[in-house]
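Structure file data.txt; described as compact mmCIF, C-alpha atoms.
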```txt
# COMPACT_ATOMS: atom_id res chain seq x y z
CA MET A 14 0.00 0.00 0.00
CA ARG A 15 1.24 3.49 -0.84
CA VAL A 16 0.73 6.43 1.52
CA LEU A 17 1.42 10.15 1.21
CA VAL A 18 2.46 12.04 4.37
CA VAL A 19 2.05 15.83 4.20
CA GLU A 20 3.54 17.39 7.34
CA ASP A 21 5.79 20.44 7.79
CA SER A 22 7.46 19.23 11.00
CA VAL A 23 10.61 17.39 9.91
CA ARG A 24 10.74 15.28 13.04
CA LEU A 25 7.10 14.20 12.86
CA ARG A 26 7.17 13.69 9.09
CA GLU A 27 10.25 11.48 9.23
CA GLY A 28 8.95 9.61 12.27
CA VAL A 29 5.61 8.79 10.66
CA ALA A 30 7.20 7.90 7.32
CA GLY A 31 9.73 5.64 9.03
CA ALA A 32 7.04 3.81 11.00
CA LEU A 33 4.95 3.30 7.86
CA ARG A 34 7.90 1.99 5.86
CA LYS A 35 8.83 -0.38 8.67
CA ALA A 36 5.24 -1.69 8.54
CA GLY A 37 5.61 -2.38 4.82
CA TYR A 38 4.03 0.69 3.25
CA ALA A 39 5.51 2.63 0.35
CA VAL A 40 5.69 6.25 1.48
CA ASP A 41 6.05 9.61 -0.23
CA THR A 42 6.40 12.79 1.82
CA ALA A 43 5.74 16.49 1.35
CA ALA A 44 6.85 19.35 3.59
CA ASP A 45 4.31 22.01 2.59
CA GLY A 46 0.81 22.38 1.22
CA GLU A 47 1.66 23.08 -2.40
CA GLU A 48 4.04 20.12 -2.65
CA GLY A 49 1.48 17.88 -0.95
CA HIS A 50 -1.32 19.06 -3.22
CA TRP A 51 0.79 18.35 -6.32
CA ALA A 52 1.78 14.87 -5.08
CA ALA A 53 -1.80 13.95 -4.19
CA GLN A 54 -2.95 14.82 -7.70
CA SER A 55 0.01 13.23 -9.49
CA ASN A 56 0.12 9.77 -7.90
CA ALA A 57 -2.22 6.96 -6.88
CA TYR A 58 -2.31 6.60 -3.09
CA ASP A 59 -4.20 4.20 -0.87
CA ALA A 60 -4.31 6.82 1.90
CA ILE A 61 -3.10 10.35 2.62
CA ILE A 62 -2.00 11.63 6.03
CA LEU A 63 -2.57 15.38 5.93
CA ASP A 64 -1.61 17.97 8.52
CA ILE A 65 -4.06 20.87 8.71
CA MET A 66 -1.59 23.66 9.58
CA LEU A 67 0.78 23.78 6.60
CA PRO A 68 2.78 26.54 4.89
CA GLY A 69 1.43 27.48 1.48
CA MET A 70 -1.94 25.72 1.26
CA ASP A 71 -3.40 24.42 4.51
CA GLY A 72 -4.73 20.91 4.84
CA LEU A 73 -8.39 21.86 4.58
CA GLU A 74 -7.72 23.72 1.32
CA ILE A 75 -5.97 20.66 -0.12
CA LEU A 76 -8.78 18.41 1.07
CA GLY A 77 -11.41 20.63 -0.50
CA HIS A 78 -9.62 20.83 -3.84
CA LEU A 79 -9.09 17.08 -4.03
CA ARG A 80 -12.72 16.30 -3.24
CA GLN A 81 -13.96 18.89 -5.73
CA LYS A 82 -11.93 17.17 -8.44
CA GLY A 83 -13.38 13.77 -7.57
CA ASN A 84 -10.35 12.39 -5.74
CA THR A 85 -11.73 9.83 -3.28
CA THR A 86 -8.45 8.73 -1.68
CA PRO A 87 -9.02 8.18 2.07
CA ILE A 88 -7.58 11.13 4.01
CA LEU A 89 -6.61 11.21 7.68
CA LEU A 90 -6.24 14.72 9.07
CA LEU A 91 -3.61 15.55 11.68
CA THR A 92 -4.11 18.56 13.91
CA ALA A 93 -3.28 20.06 17.28
CA ARG A 94 -6.84 21.38 17.55
CA ASP A 95 -9.02 19.18 19.72
CA THR A 96 -12.36 20.96 19.72
CA VAL A 97 -15.55 19.41 18.39
CA PRO A 98 -16.14 22.22 15.82
CA ASP A 99 -12.64 21.68 14.40
CA ARG A 100 -13.22 17.94 14.01
CA VAL A 101 -16.66 18.46 12.49
CA LYS A 102 -15.27 21.01 10.01
CA GLY A 103 -12.62 18.57 8.80
CA LEU A 104 -14.99 15.64 8.49
CA ARG A 105 -17.60 17.71 6.65
CA ALA A 106 -14.91 18.90 4.25
CA GLY A 107 -14.43 15.28 3.19
CA ALA A 108 -11.89 13.78 5.60
CA ASP A 109 -12.27 10.10 6.44
CA ASP A 110 -10.58 10.21 9.84
CA TYR A 111 -9.09 12.66 12.31
CA LEU A 112 -6.16 12.28 14.70
CA VAL A 113 -5.14 14.84 17.31
CA LYS A 114 -1.48 15.54 18.11
CA PRO A 115 0.30 14.17 20.01
CA PHE A 116 -0.65 10.63 19.05
CA ALA A 117 0.73 7.11 19.36
CA LEU A 118 2.27 5.72 16.17
CA ASP A 119 0.52 2.40 16.78
CA GLU A 120 -2.84 4.17 16.66
CA LEU A 121 -1.90 5.97 13.46
CA LEU A 122 -0.85 2.67 11.83
CA ALA A 123 -4.11 1.03 12.91
CA ARG A 124 -6.18 3.87 11.46
CA ILE A 125 -4.28 3.78 8.16
CA GLU A 126 -4.75 0.01 7.98
CA VAL A 127 -8.51 0.47 8.34
CA LEU A 128 -8.62 3.20 5.68
CA CYS A 129 -6.63 1.09 3.21
CA ARG A 130 -8.90 -1.88 3.87
CA ARG A 131 -11.96 0.19 3.00
CA VAL A 132 -10.48 1.12 -0.39
CA TYR A 133 -10.75 -2.50 -1.50
CA GLY A 134 -14.09 -3.21 0.15
CA LEU A 135 -12.65 -5.61 2.72
CA VAL A 136 -14.28 -6.04 6.12
CA GLU A 137 -12.52 -9.14 7.40
CA ASN A 138 -8.97 -9.16 8.72
CA CYS A 139 -8.12 -12.52 7.18
CA VAL A 140 -8.50 -14.10 3.75
CA SER A 141 -7.77 -17.62 2.51
CA VAL A 142 -6.59 -18.50 -0.99
CA GLY A 143 -5.89 -22.12 -1.90
CA GLY A 144 -4.66 -23.02 1.58
CA LEU A 145 -2.74 -19.79 2.03
CA GLU A 146 -3.97 -17.83 5.06
CA ILE A 147 -3.32 -14.09 5.08
CA ASP A 148 -3.88 -12.11 8.27
CA PHE A 149 -3.81 -8.38 7.50
CA SER A 150 -3.96 -7.12 11.08
CA ARG A 151 -1.09 -9.34 12.26
CA ARG A 152 0.76 -9.06 8.94
CA ARG A 153 1.24 -12.80 8.78
CA ALA A 154 0.90 -15.41 6.05
CA SER A 155 0.87 -19.16 6.58
CA VAL A 156 0.17 -22.45 4.85
CA GLU A 157 -1.38 -25.18 7.03
CA GLY A 158 -0.06 -23.46 10.12
CA ARG A 159 3.45 -22.95 8.73
CA GLU A 160 4.26 -19.26 8.88
CA ILE A 161 5.97 -17.69 5.87
CA THR A 162 8.67 -15.16 6.66
CA LEU A 163 8.41 -12.24 4.27
CA PRO A 164 10.37 -8.97 4.23
CA ALA A 165 8.29 -5.80 4.22
CA ARG A 166 8.23 -5.31 0.45
CA GLU A 167 7.19 -8.90 -0.34
CA TRP A 168 4.51 -8.71 2.35
CA ALA A 169 3.21 -5.49 0.79
CA LEU A 170 3.03 -7.21 -2.60
CA LEU A 171 1.19 -10.23 -1.18
CA GLU A 172 -1.19 -7.95 0.72
CA TYR A 173 -1.97 -6.00 -2.45
CA PHE A 174 -2.61 -9.19 -4.41
CA ALA A 175 -4.85 -10.47 -1.61
CA ARG A 176 -6.85 -7.26 -1.47
CA ARG A 177 -7.35 -7.60 -5.24
CA GLN A 178 -7.92 -11.37 -5.10
CA GLY A 179 -9.31 -12.75 -8.36
CA GLN A 180 -8.62 -9.50 -10.24
CA VAL A 181 -5.88 -8.93 -12.79
CA VAL A 182 -3.33 -6.51 -11.38
CA THR A 183 -1.16 -4.66 -13.87
CA ARG A 184 2.53 -3.89 -13.48
CA THR A 185 1.66 -0.20 -13.42
CA GLU A 186 -0.79 -0.70 -10.55
CA ILE A 187 1.83 -2.62 -8.59
CA GLU A 188 4.40 0.12 -9.20
CA GLU A 189 1.90 2.79 -8.13
CA HIS A 190 0.72 1.09 -4.95
CA ILE A 191 3.75 -0.85 -3.72
CA TYR A 192 6.68 1.42 -4.58
CA ASP A 193 7.26 5.06 -3.78
CA SER A 194 8.87 7.80 -5.85
CA ARG A 195 12.38 6.67 -4.89
CA VAL A 196 12.10 3.56 -7.11
CA ASP A 197 13.21 3.74 -10.75
CA PRO A 198 10.11 2.94 -12.85
CA MET A 199 12.34 1.46 -15.57
CA SER A 200 13.80 -1.19 -13.27
CA ASN A 201 12.62 -4.81 -13.02
CA VAL A 202 11.64 -4.52 -9.35
CA VAL A 203 8.11 -5.83 -10.00
CA ASP A 204 9.27 -8.96 -11.84
CA ALA A 205 11.92 -9.64 -9.21
CA ALA A 206 9.45 -9.18 -6.33
CA VAL A 207 6.82 -11.45 -7.91
CA TYR A 208 9.46 -14.11 -8.57
CA ALA A 209 10.74 -13.95 -4.98
CA LEU A 210 7.20 -14.11 -3.55
CA ARG A 211 6.29 -17.11 -5.70
CA ARG A 212 9.39 -18.95 -4.46
CA LYS A 213 8.54 -18.21 -0.81
CA LEU A 214 4.97 -19.46 -1.22
CA ALA A 215 6.09 -22.62 -3.03
CA ALA A 216 8.73 -23.35 -0.38
CA ALA A 217 6.01 -23.18 2.28
CA GLY A 218 3.94 -25.77 0.43
CA ALA A 219 1.38 -23.50 -1.22
CA PRO A 220 0.10 -24.47 -4.69
CA PRO A 221 0.72 -22.03 -7.57
CA LEU A 222 -1.38 -19.00 -6.66
CA ILE A 223 0.11 -16.02 -8.50
CA HIS A 224 -0.62 -16.46 -12.19
CA THR A 225 0.65 -14.40 -15.10
CA ARG A 226 -1.84 -13.04 -17.59
CA ARG A 227 0.28 -12.29 -20.65
CA GLY A 228 0.06 -8.71 -21.75
CA LEU A 229 -2.13 -7.86 -18.75
CA GLY A 230 -0.44 -8.56 -15.43
CA TYR A 231 -0.90 -10.95 -12.52
CA VAL A 232 -3.79 -12.47 -10.61
CA LEU A 233 -3.92 -14.17 -7.22
CA GLU A 234 -6.36 -17.08 -7.26
CA ALA A 235 -6.53 -20.70 -6.20
CA SER A 236 -6.47 -22.15 -9.72
CA ASP A 237 -5.21 -20.97 -13.08
CA SER A 238 -8.52 -21.32 -14.81
```
Please re-express this file's structure in structure tokens.
Amino acid sequence: MRVLVVEDSVRLREGVAGALRKAGYAVDTAADGEEGHWAAQSNAYDAIILDIMLPGMDGLEILGHLRQKGNTTPILLLTARDTVPDRVKGLRAGADDYLVKPFALDELLARIEVLCRRVYGLVENCVSVGGLEIDFSRRRASVEGREITLPAREWALLEYFARRQGQVVTRTEIEEHIYDSRVDPMSNVVDAAVYALRRKLAAAGAPPLIHTRRGLGYVLEASDS
């Protein structure tokens, strides 16, 4: 999943981005409102973390512009203001969630997880595909009780496939949702990641689950029908 963090405080921005990356998210950051507004319009994100008090454009301005243009990306507002009118104003402007500073990183991660889950219409925390069990909340995958150890990037890829289970996922979609702006789009990172993930699943005893659709992309399903 790919997340944009728009926050002018260097310490907070880097702290949030670091926690998200450690949890397996691809993360882009912006230090002011104009940069954040441009990034939100230029890339596909699964969620945006948006500070309200920003230099340039403030968070509510960015939120309003995005919603007016039909951008439905889930947005979590960050603010130091803790009054009911402030929260109501943000939610009525189109925000999906609201978190008051200071906050615990674990709570932020949990809220982002919920927002990303909503994007793909998932309610349950776990899915099963051909004997492969995927637990989103615990970030664990297993086959017949045997846990599969996956580094953050491979977990993110498996999670994205699972959230799109049965649907063809293009290379472009994988690049947009799994990798941030630091990755060279001309590299073979997608092919290498899919290959590595397939090997891990096979080693754990899972049947072939990630199938190639030539000229289209990949699909996660129990049989290659």
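Compared by their closest atoms to A:Val140, and using only C-alpha atoms, the residues A:Ile187, A:Leu67, A:Val127, A:Ala154 rank with A:Ala154 nearest.
Minimum distance to A:Gln54 across A:Met70, A:Ala205, A:Leu79, A:Leu229 (counting all atoms listed in the file) occurs at A:Leu79.
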Worksheet item: Out of A:Leu118, A:Val16, A:Ala106, A:Ile75, which residue has the shortest atom-to-atom distance to A:Ile62 when counting only C-alpha atoms?
Response: A:Val16
Under the rule of at most 6 Å, produce a per-residue listing of stretch 43-78 of chain A near stretch 19-22 of chain A: chain, number, name, the closest pair of atoms, and the distance in Å, as a tab-separated table, using only C-alpha atoms.
```
residue	atom	partner	partner_atom	distance
A:Ala43	CA	A:Val19	CA	4.7
A:Ala44	CA	A:Asp21	CA	4.5
A:Asp45	CA	A:Asp21	CA	5.6
A:Gly49	CA	A:Val19	CA	5.6
A:Leu63	CA	A:Val19	CA	5.0
A:Asp64	CA	A:Glu20	CA	5.3
```
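Nearest to A:Val18 of all the residues A:Asp193, A:Glu172, A:Gly143, A:Arg80 is A:Asp193, based on all atoms listed in the file.
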Practice prompt. Report the distance between atom CA of A:Thr162 and atom CA of A:Ala217 in Å, rounded to one decimal place.
Written response: 9.5 Å
Worksheet item: Pick from A:Ala175, A:Leu214, A:Leu170, A:Val23: nearest to A:Arg130, with all atoms listed in the file counted?
Response: A:Ala175
Item to complete: Could you give me, as number ranges by chain, the residues within 10 Å of A:Ala165, counting only C-alpha atoms and dropping anything in the same chain fewer than 4 positions from it?
Response: A: 34-39, 152, 169-171
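With distances restricted to only C-alpha atoms, A:Leu17 is the closest residue to A:Leu90 from A:Val132, A:Leu17, A:Leu233, A:Ala32.
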Shell around A:Ser155 at 9 Å using all atoms listed in the file, local window under 6 positions removed, as a compact mmCIF listing (two decimals) with C-alpha atoms, in the coordinates of the input:
```
# COMPACT_ATOMS: atom_id res chain seq x y z
CA GLY A 144 -4.66 -23.02 1.58
CA LEU A 145 -2.74 -19.79 2.03
CA GLU A 146 -3.97 -17.83 5.06
CA ILE A 147 -3.32 -14.09 5.08
CA ASP A 148 -3.88 -12.11 8.27
CA ILE A 161 5.97 -17.69 5.87
CA THR A 162 8.67 -15.16 6.66
CA LEU A 214 4.97 -19.46 -1.22
CA ALA A 217 6.01 -23.18 2.28
CA ALA A 219 1.38 -23.50 -1.22
```
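If you look at atom CA of A:Gly230 and atom CA of A:Gly179, they are 12.1 Å away from each other.
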Discussion item. Quick one: residues within 8 Å of A:Ser150, all atoms listed in the file, excluding same-chain residues fewer than 3 positions away - as a PyMOL selection string?
Written reply: chain A and resi 126+138-139
